[in-house]
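Content type JSON, C-alpha atoms and all ligand atoms, from the file protein-v3.json:
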[["chain", "number", "residue", "atom", "x", "y", "z"],
["A", 1, "MET", "CA", 90.40, -13.05, -100.92],
["A", 2, "ALA", "CA", 92.69, -15.14, -103.16],
["A", 3, "SER", "CA", 92.06, -14.57, -106.89],
["A", 4, "SER", "CA", 88.74, -13.64, -108.44],
["A", 5, "ALA", "CA", 89.86, -13.90, -112.11],
["A", 6, "PRO", "CA", 89.52, -17.72, -112.45],
["A", 7, "ILE", "CA", 86.00, -17.52, -111.05],
["A", 8, "GLU", "CA", 85.08, -14.97, -113.71],
["A", 9, "ILE", "CA", 86.49, -17.19, -116.46],
["A", 10, "ALA", "CA", 84.56, -20.15, -115.09],
["A", 11, "ALA", "CA", 81.40, -18.05, -115.18],
["A", 12, "GLY", "CA", 81.86, -17.39, -118.90],
["A", 13, "PHE", "CA", 83.59, -14.03, -118.75],
["A", 14, "LYS", "CA", 84.36, -13.03, -122.33],
["A", 15, "PRO", "CA", 87.35, -10.92, -123.36],
["A", 16, "ALA", "CA", 86.74, -7.55, -125.01],
["A", 17, "LEU", "CA", 85.88, -7.45, -128.71],
["A", 18, "LEU", "CA", 86.53, -3.71, -128.87],
["A", 19, "LYS", "CA", 89.38, -1.95, -127.08],
["A", 20, "VAL", "CA", 89.60, 1.81, -127.33],
["A", 21, "GLU", "CA", 92.67, 3.38, -125.75],
["A", 22, "ASP", "CA", 93.35, 6.99, -124.95],
["A", 23, "ILE", "CA", 91.40, 8.59, -127.80],
["A", 24, "HIS", "CA", 91.90, 12.34, -128.23],
["A", 25, "LEU", "CA", 89.87, 14.23, -130.82],
["A", 26, "GLY", "CA", 89.94, 18.00, -131.08],
["A", 27, "PHE", "CA", 88.19, 20.50, -133.34],
["A", 28, "GLY", "CA", 90.27, 23.64, -133.05],
["A", 29, "LYS", "CA", 90.21, 24.47, -129.36],
["A", 30, "VAL", "CA", 87.30, 22.15, -128.57],
["A", 31, "MET", "CA", 88.37, 18.73, -127.28],
["A", 32, "ALA", "CA", 85.42, 16.53, -128.21],
["A", 33, "LEU", "CA", 87.23, 13.48, -126.78],
["A", 34, "ASN", "CA", 89.93, 13.93, -124.20],
["A", 35, "GLY", "CA", 91.57, 10.60, -123.39],
["A", 36, "VAL", "CA", 88.72, 8.09, -123.69],
["A", 37, "ASN", "CA", 89.35, 4.45, -122.77],
["A", 38, "LEU", "CA", 86.59, 1.90, -123.24],
["A", 39, "GLU", "CA", 86.26, -1.85, -123.71],
["A", 40, "VAL", "CA", 83.22, -3.68, -125.02],
["A", 41, "ARG", "CA", 82.65, -7.40, -124.56],
["A", 42, "PRO", "CA", 80.80, -9.54, -127.11],
["A", 43, "ASP", "CA", 77.84, -10.23, -124.86],
["A", 44, "GLU", "CA", 76.84, -6.77, -123.75],
["A", 45, "ILE", "CA", 74.61, -3.85, -124.54],
["A", 46, "LEU", "CA", 76.69, -0.88, -123.50],
["A", 47, "ALA", "CA", 74.87, 2.42, -123.14],
["A", 48, "LEU", "CA", 76.90, 5.57, -123.62],
["A", 49, "ILE", "CA", 75.18, 8.52, -122.01],
["A", 50, "GLY", "CA", 75.96, 12.12, -121.12],
["A", 51, "PRO", "CA", 74.85, 15.72, -121.67],
["A", 52, "ASN", "CA", 74.54, 17.38, -125.09],
["A", 53, "GLY", "CA", 77.96, 18.03, -126.57],
["A", 54, "ALA", "CA", 79.68, 15.52, -124.26],
["A", 55, "GLY", "CA", 81.28, 13.74, -127.24],
["A", 56, "LYS", "CA", 79.00, 10.71, -127.70],
["A", 57, "THR", "CA", 78.49, 11.07, -131.45],
["A", 58, "SER", "CA", 82.17, 12.03, -131.84],
["A", 59, "PHE", "CA", 83.07, 8.77, -130.13],
["A", 60, "LEU", "CA", 80.87, 6.72, -132.49],
["A", 61, "ASN", "CA", 82.25, 8.66, -135.46],
["A", 62, "SER", "CA", 85.75, 7.78, -134.30],
["A", 63, "LEU", "CA", 84.80, 4.10, -134.12],
["A", 64, "ASN", "CA", 83.42, 3.94, -137.63],
["A", 65, "GLY", "CA", 86.09, 6.17, -139.16],
["A", 66, "PHE", "CA", 84.12, 9.34, -139.98],
["A", 67, "TYR", "CA", 86.44, 11.18, -137.58],
["A", 68, "ARG", "CA", 90.17, 10.63, -137.17],
["A", 69, "PRO", "CA", 91.35, 11.11, -133.58],
["A", 70, "GLN", "CA", 94.73, 12.84, -133.27],
["A", 71, "LYS", "CA", 95.81, 10.30, -130.69],
["A", 72, "GLY", "CA", 94.82, 6.85, -129.42],
["A", 73, "THR", "CA", 94.07, 3.40, -130.81],
["A", 74, "ILE", "CA", 90.99, 1.39, -131.70],
["A", 75, "VAL", "CA", 91.41, -2.37, -131.77],
["A", 76, "PHE", "CA", 88.43, -4.43, -132.89],
["A", 77, "ASP", "CA", 88.33, -8.22, -133.11],
["A", 78, "GLY", "CA", 92.12, -8.31, -132.72],
["A", 79, "ARG", "CA", 92.71, -5.82, -135.52],
["A", 80, "ASP", "CA", 93.96, -2.24, -135.31],
["A", 81, "LEU", "CA", 91.35, -0.15, -137.12],
["A", 82, "THR", "CA", 92.72, 3.24, -136.13],
["A", 83, "ARG", "CA", 93.84, 4.23, -139.63],
["A", 84, "LEU", "CA", 91.25, 2.40, -141.73],
["A", 85, "SER", "CA", 88.64, 4.16, -143.87],
["A", 86, "PRO", "CA", 84.95, 4.00, -142.90],
["A", 87, "HIS", "CA", 84.38, 1.51, -145.71],
["A", 88, "ARG", "CA", 87.09, -0.85, -144.41],
["A", 89, "ARG", "CA", 85.60, -0.62, -140.92],
["A", 90, "VAL", "CA", 82.22, -1.72, -142.26],
["A", 91, "GLU", "CA", 84.01, -4.67, -143.84],
["A", 92, "ALA", "CA", 85.72, -5.34, -140.52],
["A", 93, "GLY", "CA", 82.24, -5.71, -139.02],
["A", 94, "ILE", "CA", 81.22, -2.38, -137.52],
["A", 95, "GLY", "CA", 77.59, -1.63, -138.38],
["A", 96, "ARG", "CA", 75.85, 1.57, -137.42],
["A", 97, "THR", "CA", 72.58, 3.45, -137.29],
["A", 98, "PHE", "CA", 72.47, 7.23, -137.27],
["A", 99, "GLN", "CA", 71.28, 10.08, -135.04],
["A", 100, "GLY", "CA", 69.37, 11.58, -137.97],
["A", 101, "ILE", "CA", 67.71, 9.43, -140.57],
["A", 102, "GLN", "CA", 69.97, 7.82, -143.13],
["A", 103, "VAL", "CA", 67.60, 6.01, -145.47],
["A", 104, "PHE", "CA", 66.67, 6.43, -149.12],
["A", 105, "LEU", "CA", 63.24, 8.01, -148.93],
["A", 106, "GLY", "CA", 62.31, 7.28, -152.57],
["A", 107, "MET", "CA", 63.08, 3.57, -152.33],
["A", 108, "THR", "CA", 61.03, 0.72, -150.89],
["A", 109, "VAL", "CA", 61.73, -0.85, -147.51],
["A", 110, "LEU", "CA", 63.06, -4.00, -149.19],
["A", 111, "ASP", "CA", 65.40, -2.05, -151.49],
["A", 112, "ASN", "CA", 66.71, 0.04, -148.59],
["A", 113, "ILE", "CA", 67.59, -3.13, -146.73],
["A", 114, "LEU", "CA", 69.23, -4.56, -149.85],
["A", 115, "THR", "CA", 71.57, -1.52, -149.95],
["A", 116, "GLY", "CA", 73.03, -2.91, -146.73],
["A", 117, "ARG", "CA", 74.04, -6.03, -148.67],
["A", 118, "HIS", "CA", 76.41, -4.13, -150.98],
["A", 119, "ILE", "CA", 79.50, -4.97, -148.97],
["A", 120, "HIS", "CA", 78.73, -8.66, -149.48],
["A", 121, "MET", "CA", 77.99, -8.42, -153.23],
["A", 122, "ARG", "CA", 80.38, -9.80, -155.81],
["A", 123, "SER", "CA", 78.35, -8.80, -158.83],
["A", 124, "ASN", "CA", 77.96, -5.19, -159.95],
["A", 125, "SER", "CA", 75.21, -3.62, -162.03],
["A", 126, "ILE", "CA", 76.81, -4.84, -165.30],
["A", 127, "THR", "CA", 77.23, -8.51, -164.37],
["A", 128, "GLY", "CA", 73.82, -8.26, -162.73],
["A", 129, "ALA", "CA", 72.27, -6.90, -165.94],
["A", 130, "LEU", "CA", 73.89, -9.68, -168.00],
["A", 131, "ARG", "CA", 72.18, -12.17, -165.72],
["A", 132, "TRP", "CA", 75.10, -14.57, -165.30],
["A", 133, "PRO", "CA", 73.86, -17.62, -163.41],
["A", 134, "TRP", "CA", 76.10, -16.87, -160.43],
["A", 135, "ALA", "CA", 74.89, -13.27, -160.34],
["A", 136, "ILE", "CA", 71.30, -14.48, -160.26],
["A", 137, "ARG", "CA", 72.13, -17.01, -157.55],
["A", 138, "GLU", "CA", 73.84, -14.29, -155.55],
["A", 139, "GLU", "CA", 70.85, -11.98, -155.88],
["A", 140, "ILE", "CA", 68.53, -14.70, -154.60],
["A", 141, "GLU", "CA", 70.76, -15.19, -151.56],
["A", 142, "HIS", "CA", 70.82, -11.46, -150.77],
["A", 143, "ARG", "CA", 67.06, -11.26, -151.08],
["A", 144, "ALA", "CA", 66.68, -14.18, -148.68],
["A", 145, "VAL", "CA", 68.82, -12.36, -146.09],
["A", 146, "ALA", "CA", 66.81, -9.16, -146.60],
["A", 147, "GLU", "CA", 63.51, -11.04, -146.23],
["A", 148, "GLU", "CA", 64.74, -12.62, -143.01],
["A", 149, "ILE", "CA", 65.50, -9.17, -141.61],
["A", 150, "ILE", "CA", 62.07, -7.91, -142.69],
["A", 151, "ASP", "CA", 60.52, -10.81, -140.77],
["A", 152, "PHE", "CA", 62.72, -10.23, -137.74],
["A", 153, "LEU", "CA", 61.85, -6.51, -137.58],
["A", 154, "GLU", "CA", 58.17, -7.22, -138.28],
["A", 155, "MET", "CA", 58.00, -5.19, -141.47],
["A", 156, "GLU", "CA", 56.22, -7.71, -143.75],
["A", 157, "ALA", "CA", 53.23, -5.40, -144.19],
["A", 158, "ILE", "CA", 55.39, -2.53, -145.43],
["A", 159, "ARG", "CA", 58.08, -4.37, -147.37],
["A", 160, "GLU", "CA", 57.03, -2.77, -150.69],
["A", 161, "SER", "CA", 56.16, 0.66, -149.23],
["A", 162, "VAL", "CA", 58.21, 3.67, -150.22],
["A", 163, "VAL", "CA", 60.11, 4.74, -147.12],
["A", 164, "GLY", "CA", 59.19, 8.42, -147.58],
["A", 165, "SER", "CA", 55.54, 7.48, -146.97],
["A", 166, "LEU", "CA", 56.30, 5.96, -143.54],
["A", 167, "GLY", "CA", 56.35, 7.59, -140.11],
["A", 168, "TYR", "CA", 59.52, 8.43, -138.22],
["A", 169, "GLY", "CA", 59.55, 5.31, -136.05],
["A", 170, "LEU", "CA", 59.32, 2.97, -139.02],
["A", 171, "ARG", "CA", 62.01, 4.87, -140.90],
["A", 172, "LYS", "CA", 64.34, 4.27, -137.97],
["A", 173, "ARG", "CA", 63.42, 0.61, -138.09],
["A", 174, "VAL", "CA", 64.35, 0.52, -141.79],
["A", 175, "ASP", "CA", 67.69, 2.14, -140.94],
["A", 176, "LEU", "CA", 68.27, -0.62, -138.38],
["A", 177, "GLY", "CA", 67.37, -3.22, -141.02],
["A", 178, "ARG", "CA", 69.92, -1.74, -143.41],
["A", 179, "ALA", "CA", 72.61, -1.93, -140.72],
["A", 180, "LEU", "CA", 71.69, -5.55, -139.88],
["A", 181, "ALA", "CA", 71.87, -6.51, -143.56],
["A", 182, "MET", "CA", 75.61, -5.85, -143.35],
["A", 183, "GLU", "CA", 75.80, -8.72, -140.83],
["A", 184, "PRO", "CA", 77.95, -6.65, -138.46],
["A", 185, "LYS", "CA", 80.03, -8.14, -135.66],
["A", 186, "MET", "CA", 79.15, -5.12, -133.53],
["A", 187, "LEU", "CA", 76.34, -2.62, -133.85],
["A", 188, "ILE", "CA", 76.56, 1.02, -132.83],
["A", 189, "MET", "CA", 73.36, 3.04, -132.55],
["A", 190, "ASP", "CA", 73.13, 6.80, -132.13],
["A", 191, "GLU", "CA", 69.87, 7.77, -130.39],
["A", 192, "PRO", "CA", 67.62, 5.05, -131.86],
["A", 193, "MET", "CA", 64.64, 6.17, -129.74],
["A", 194, "ALA", "CA", 64.81, 9.91, -130.48],
["A", 195, "GLY", "CA", 61.50, 11.28, -131.75],
["A", 196, "MET", "CA", 59.61, 8.02, -131.18],
["A", 197, "ASN", "CA", 56.32, 7.52, -129.37],
["A", 198, "VAL", "CA", 56.06, 5.11, -126.44],
["A", 199, "GLU", "CA", 54.95, 2.14, -128.54],
["A", 200, "GLU", "CA", 57.71, 2.66, -131.10],
["A", 201, "LYS", "CA", 60.26, 2.89, -128.30],
["A", 202, "GLU", "CA", 59.05, -0.37, -126.80],
["A", 203, "ASP", "CA", 59.34, -2.09, -130.18],
["A", 204, "MET", "CA", 62.85, -0.72, -130.73],
["A", 205, "ALA", "CA", 63.94, -1.77, -127.23],
["A", 206, "ARG", "CA", 62.69, -5.30, -127.89],
["A", 207, "PHE", "CA", 64.54, -5.45, -131.22],
["A", 208, "ILE", "CA", 67.79, -4.28, -129.62],
["A", 209, "LEU", "CA", 67.54, -6.98, -126.93],
["A", 210, "ASP", "CA", 66.70, -9.63, -129.54],
["A", 211, "ILE", "CA", 69.61, -8.62, -131.78],
["A", 212, "GLN", "CA", 72.04, -9.06, -128.89],
["A", 213, "GLU", "CA", 70.47, -12.35, -127.87],
["A", 214, "TYR", "CA", 70.14, -14.01, -131.26],
["A", 215, "ARG", "CA", 73.05, -12.55, -133.19],
["A", 216, "LYS", "CA", 75.35, -12.62, -130.17],
["A", 217, "ILE", "CA", 76.91, -9.29, -131.05],
["A", 218, "PRO", "CA", 77.61, -6.37, -128.74],
["A", 219, "ILE", "CA", 75.66, -3.15, -129.14],
["A", 220, "ILE", "CA", 76.84, 0.32, -128.21],
["A", 221, "LEU", "CA", 73.81, 2.47, -127.64],
["A", 222, "VAL", "CA", 73.88, 6.26, -127.34],
["A", 223, "GLU", "CA", 70.53, 7.31, -125.92],
["A", 224, "HIS", "CA", 68.99, 10.13, -123.90],
["A", 225, "ASP", "CA", 65.89, 8.18, -122.79],
["A", 226, "MET", "CA", 67.06, 7.03, -119.35],
["A", 227, "GLU", "CA", 64.15, 4.67, -118.78],
["A", 228, "VAL", "CA", 65.15, 2.71, -121.87],
["A", 229, "VAL", "CA", 68.85, 2.88, -121.03],
["A", 230, "MET", "CA", 68.38, 1.55, -117.51],
["A", 231, "ASP", "CA", 65.98, -1.14, -118.77],
["A", 232, "ILE", "CA", 67.97, -2.73, -121.55],
["A", 233, "SER", "CA", 71.67, -2.04, -121.05],
["A", 234, "SER", "CA", 74.05, -4.43, -119.34],
["A", 235, "ARG", "CA", 76.51, -1.65, -118.58],
["A", 236, "VAL", "CA", 76.54, 2.13, -118.77],
["A", 237, "ALA", "CA", 79.43, 4.51, -119.48],
["A", 238, "VAL", "CA", 79.02, 8.23, -118.87],
["A", 239, "LEU", "CA", 80.77, 10.90, -120.92],
["A", 240, "GLU", "CA", 81.19, 14.51, -119.85],
["A", 241, "TRP", "CA", 83.35, 17.04, -121.69],
["A", 242, "GLY", "CA", 85.09, 14.30, -123.66],
["A", 243, "ARG", "CA", 85.97, 12.14, -120.66],
["A", 244, "ILE", "CA", 84.41, 9.01, -119.17],
["A", 245, "ILE", "CA", 83.39, 10.04, -115.67],
["A", 246, "ALA", "CA", 81.72, 6.77, -114.62],
["A", 247, "GLU", "CA", 81.22, 3.20, -115.80],
["A", 248, "GLY", "CA", 79.15, 0.43, -114.24],
["A", 249, "ALA", "CA", 75.89, -1.45, -113.94],
["A", 250, "PRO", "CA", 72.74, 0.62, -114.55],
["A", 251, "SER", "CA", 71.85, 0.47, -110.84],
["A", 252, "GLU", "CA", 75.28, 1.85, -109.87],
["A", 253, "ILE", "CA", 75.15, 4.62, -112.45],
["A", 254, "ARG", "CA", 71.67, 5.71, -111.43],
["A", 255, "THR", "CA", 72.84, 6.41, -107.89],
["A", 256, "ASN", "CA", 76.33, 7.74, -108.69],
["A", 257, "PRO", "CA", 76.49, 11.29, -107.26],
["A", 258, "ARG", "CA", 78.85, 12.53, -109.97],
["A", 259, "VAL", "CA", 76.57, 11.28, -112.75],
["A", 260, "ILE", "CA", 73.51, 12.75, -111.07],
["A", 261, "LYS", "CA", 75.27, 16.12, -110.89],
["A", 262, "ALA", "CA", 76.60, 16.03, -114.46],
["A", 263, "TYR", "CA", 73.59, 14.60, -116.22],
["A", 264, "LEU", "CA", 70.77, 12.76, -114.51],
["A", 265, "GLY", "CA", 69.74, 15.46, -112.06],
["A", 266, "GLU", "CA", 67.88, 14.83, -108.83],
["A", 267, "GLY", "CA", 64.61, 13.00, -108.75],
["A", 301, "LIG", "N1", 82.53, 18.12, -137.14],
["A", 301, "LIG", "C1", 82.70, 18.91, -136.07],
["A", 301, "LIG", "N2", 83.30, 20.11, -136.18],
["A", 301, "LIG", "C2", 83.49, 20.90, -135.11],
["A", 301, "LIG", "N3", 83.10, 20.56, -133.87],
["A", 301, "LIG", "C3", 82.48, 19.39, -133.69],
["A", 301, "LIG", "C4", 82.25, 18.48, -134.77],
["A", 301, "LIG", "N4", 81.62, 17.38, -134.30],
["A", 301, "LIG", "C5", 81.46, 17.58, -132.98],
["A", 301, "LIG", "N5", 81.98, 18.78, -132.61],
["A", 301, "LIG", "C6", 82.01, 19.33, -131.24],
["A", 301, "LIG", "O1", 82.44, 18.31, -130.37],
["A", 301, "LIG", "C7", 81.70, 18.35, -129.14],
["A", 301, "LIG", "C8", 81.01, 17.01, -128.93],
["A", 301, "LIG", "O2", 79.94, 16.90, -129.88],
["A", 301, "LIG", "P1", 79.11, 15.56, -130.10],
["A", 301, "LIG", "O3", 78.25, 15.76, -131.29],
["A", 301, "LIG", "O4", 80.04, 14.41, -130.12],
["A", 301, "LIG", "O5", 78.22, 15.51, -128.78],
["A", 301, "LIG", "P2", 77.06, 14.49, -128.34],
["A", 301, "LIG", "O6", 77.46, 13.97, -126.99],
["A", 301, "LIG", "O7", 76.76, 13.53, -129.40],
["A", 301, "LIG", "O8", 75.82, 15.51, -128.11],
["A", 301, "LIG", "P3", 74.22, 15.28, -128.39],
["A", 301, "LIG", "O9", 73.70, 14.56, -127.18],
["A", 301, "LIG", "O10", 73.69, 16.67, -128.45],
["A", 301, "LIG", "O11", 74.05, 14.52, -129.66],
["A", 301, "LIG", "C9", 80.75, 19.55, -129.25],
["A", 301, "LIG", "O12", 81.36, 20.65, -128.65],
["A", 301, "LIG", "C10", 80.60, 19.72, -130.74],
["A", 301, "LIG", "O13", 80.30, 21.05, -131.06],
["A", 302, "MG", "MG", 75.12, 13.15, -130.62]]
Any chance you could give the structure as structure tokens?
Amino acid sequence: MASSAPIEIAAGFKPALLKVEDIHLGFGKVMALNGVNLEVRPDEILALIGPNGAGKTSFLNSLNGFYRPQKGTIVFDGRDLTRLSPHRRVEAGIGRTFQGIQVFLGMTVLDNILTGRHIHMRSNSITGALRWPWAIREEIEHRAVAEEIIDFLEMEAIRESVVGSLGYGLRKRVDLGRALAMEPKMLIMDEPMAGMNVEEKEDMARFILDIQEYRKIPIILVEHDMEVVMDISSRVAVLEWGRIIAEGAPSEIRTNPRVIKAYLGEG
């Protein structure tokens, strides 16, 4: 055939927002990431799967700056983030939820979500306490954003509840709300469904799809629940021993013999 590229452009093919090239990350003799290349486009939910210890969390930690790979580059939204601190990467637009729970248990749902607004706040506790008009105006704006997120994640009934009094599934939802409050340009989620019951998983899956659809941001999802992964992801990448061993549509990955052997198993 002649060229397929122009057809893809005509069909709305979007260039990558994130480009990761040749990442190597070692801990002593263990190579957690061993030459990982990955691109993520703005309109996709990319699932990153693989066995325990494959390097999935290490990859996310390299994206948000918790870990510093010895080699490789991370370009996001046209900017080289490779040497930036985690804080600067949040400012650059990388939002994240965590494998464990990363919320303030003694604070209310609303206040937890407001902590996600910190990167957008001009006023500090002193100017806030002095009640300058602009500080008050700013606070009203941040509260409006937080309330919108509470609506979106259907948490009106628990907005004033202390997070420590909530079940695991709702705590994870609060963690997602905190990440959304940062208004990220990309969201990375480490095992959002872990420890959830079926109903909580269904809710979370719906929220992930809605975030991609309405905010138009890509989501990188690390998840062990294959039913969820195959249901909601646009593309799947498979890690094994720090290397990507397969990448493709969910239907391709499900039947890929190498992936079945490394991770999915028969049946
Ligand atoms: N901070 C660290 N110090 C030493 N070794 C680490 C560190 N973080 C990760 N590793 C090692 O790197 C490898 C990849 O671990 P990682 O946590 O990225 O796996 P994972 O794919 O997220 O696994 P899981 O599905 O169990 O969460 C493992 O061998 C792990 O022990
Ligand atoms: Mg992990």
Chain A residues near ligand LIG 301 (chain A) within 9 Å, closest pair each, using all atoms listed in the file, as JSON lines:
{"residue": "A:Leu25", "atom": "CA", "partner": "A:LIG301", "partner_atom": "O1", "distance": 8.5}
{"residue": "A:Gly26", "atom": "CA", "partner": "A:LIG301", "partner_atom": "O1", "distance": 7.5}
{"residue": "A:Phe27", "atom": "CA", "partner": "A:LIG301", "partner_atom": "C2", "distance": 5.0}
{"residue": "A:Gly28", "atom": "CA", "partner": "A:LIG301", "partner_atom": "C2", "distance": 7.6}
{"residue": "A:Val30", "atom": "CA", "partner": "A:LIG301", "partner_atom": "O12", "distance": 6.1}
{"residue": "A:Met31", "atom": "CA", "partner": "A:LIG301", "partner_atom": "O1", "distance": 6.7}
{"residue": "A:Ala32", "atom": "CA", "partner": "A:LIG301", "partner_atom": "O1", "distance": 4.1}
{"residue": "A:Leu33", "atom": "CA", "partner": "A:LIG301", "partner_atom": "C8", "distance": 7.5}
{"residue": "A:Ile49", "atom": "CA", "partner": "A:LIG301", "partner_atom": "O6", "distance": 7.7}
{"residue": "A:Gly50", "atom": "CA", "partner": "A:LIG301", "partner_atom": "O6", "distance": 6.3}
{"residue": "A:Pro51", "atom": "CA", "partner": "A:LIG301", "partner_atom": "O9", "distance": 5.7}
{"residue": "A:Asn52", "atom": "CA", "partner": "A:LIG301", "partner_atom": "O10", "distance": 3.5}
{"residue": "A:Gly53", "atom": "CA", "partner": "A:LIG301", "partner_atom": "O5", "distance": 3.4}
{"residue": "A:Ala54", "atom": "CA", "partner": "A:LIG301", "partner_atom": "O6", "distance": 3.8}
{"residue": "A:Gly55", "atom": "CA", "partner": "A:LIG301", "partner_atom": "O4", "distance": 3.2}
{"residue": "A:Lys56", "atom": "CA", "partner": "A:LIG301", "partner_atom": "O6", "distance": 3.7}
{"residue": "A:Thr57", "atom": "CA", "partner": "A:LIG301", "partner_atom": "O7", "distance": 3.6}
{"residue": "A:Ser58", "atom": "CA", "partner": "A:LIG301", "partner_atom": "O4", "distance": 3.6}
{"residue": "A:Phe59", "atom": "CA", "partner": "A:LIG301", "partner_atom": "O4", "distance": 6.4}
{"residue": "A:Leu60", "atom": "CA", "partner": "A:LIG301", "partner_atom": "O4", "distance": 8.1}
{"residue": "A:Asn61", "atom": "CA", "partner": "A:LIG301", "partner_atom": "O4", "distance": 8.2}
{"residue": "A:Tyr67", "atom": "CA", "partner": "A:LIG301", "partner_atom": "N1", "distance": 8.0}
{"residue": "A:Gln99", "atom": "CA", "partner": "A:LIG301", "partner_atom": "O11", "distance": 7.5}
{"residue": "A:Asp190", "atom": "CA", "partner": "A:LIG301", "partner_atom": "O7", "distance": 8.1}
{"residue": "A:Glu191", "atom": "CA", "partner": "A:LIG301", "partner_atom": "O11", "distance": 8.0}
{"residue": "A:Val222", "atom": "CA", "partner": "A:LIG301", "partner_atom": "O7", "distance": 8.1}
{"residue": "A:Glu223", "atom": "CA", "partner": "A:LIG301", "partner_atom": "O9", "distance": 8.0}
{"residue": "A:His224", "atom": "CA", "partner": "A:LIG301", "partner_atom": "O9", "distance": 7.3}
{"residue": "A:Leu239", "atom": "CA", "partner": "A:LIG301", "partner_atom": "O6", "distance": 7.6}
{"residue": "A:Glu240", "atom": "CA", "partner": "A:LIG301", "partner_atom": "O6", "distance": 8.1}
{"residue": "A:Trp241", "atom": "CA", "partner": "A:LIG301", "partner_atom": "C8", "distance": 7.6}
{"residue": "A:Gly242", "atom": "CA", "partner": "A:LIG301", "partner_atom": "C8", "distance": 7.2}
Looking at A:Asn197, A:Ile158, A:Met189, A:Ile253, which one is nearest to ligand MG 302 (chain A), with distances taken over all atoms listed in the file?
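With all atoms listed in the file as the atom set, the closest residue is A:Met189.
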List as a VMD selection string the protein and nucleic acid residues near segment 138-152 of chain A, meaning an atom at most 10 Å away when all atoms listed in the file are counted, but skip any in the same chain fewer than 3 places from it.
chain A and resid 109 to 118 120 to 123 128 131 to 135 155 to 159 173 to 174 176 to 178 180 to 183 207 210 to 211
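If you measure from each of A:Phe13, A:Phe98, A:Phe66, A:Phe104 to ligand MG 302 (chain A) using all atoms listed in the file, the closest one turns out to be A:Phe98.
Residues of protein, DNA and RNA with at least one atom no farther than 8 Å from (57.6, 3.9, -149.4) are, using only C-alpha atoms, Leu105, Gly106, Met107, Thr108, Val109, Ile158, Glu160, Ser161, Val162, Val163, Gly164, Ser165 and Leu166 of chain A.
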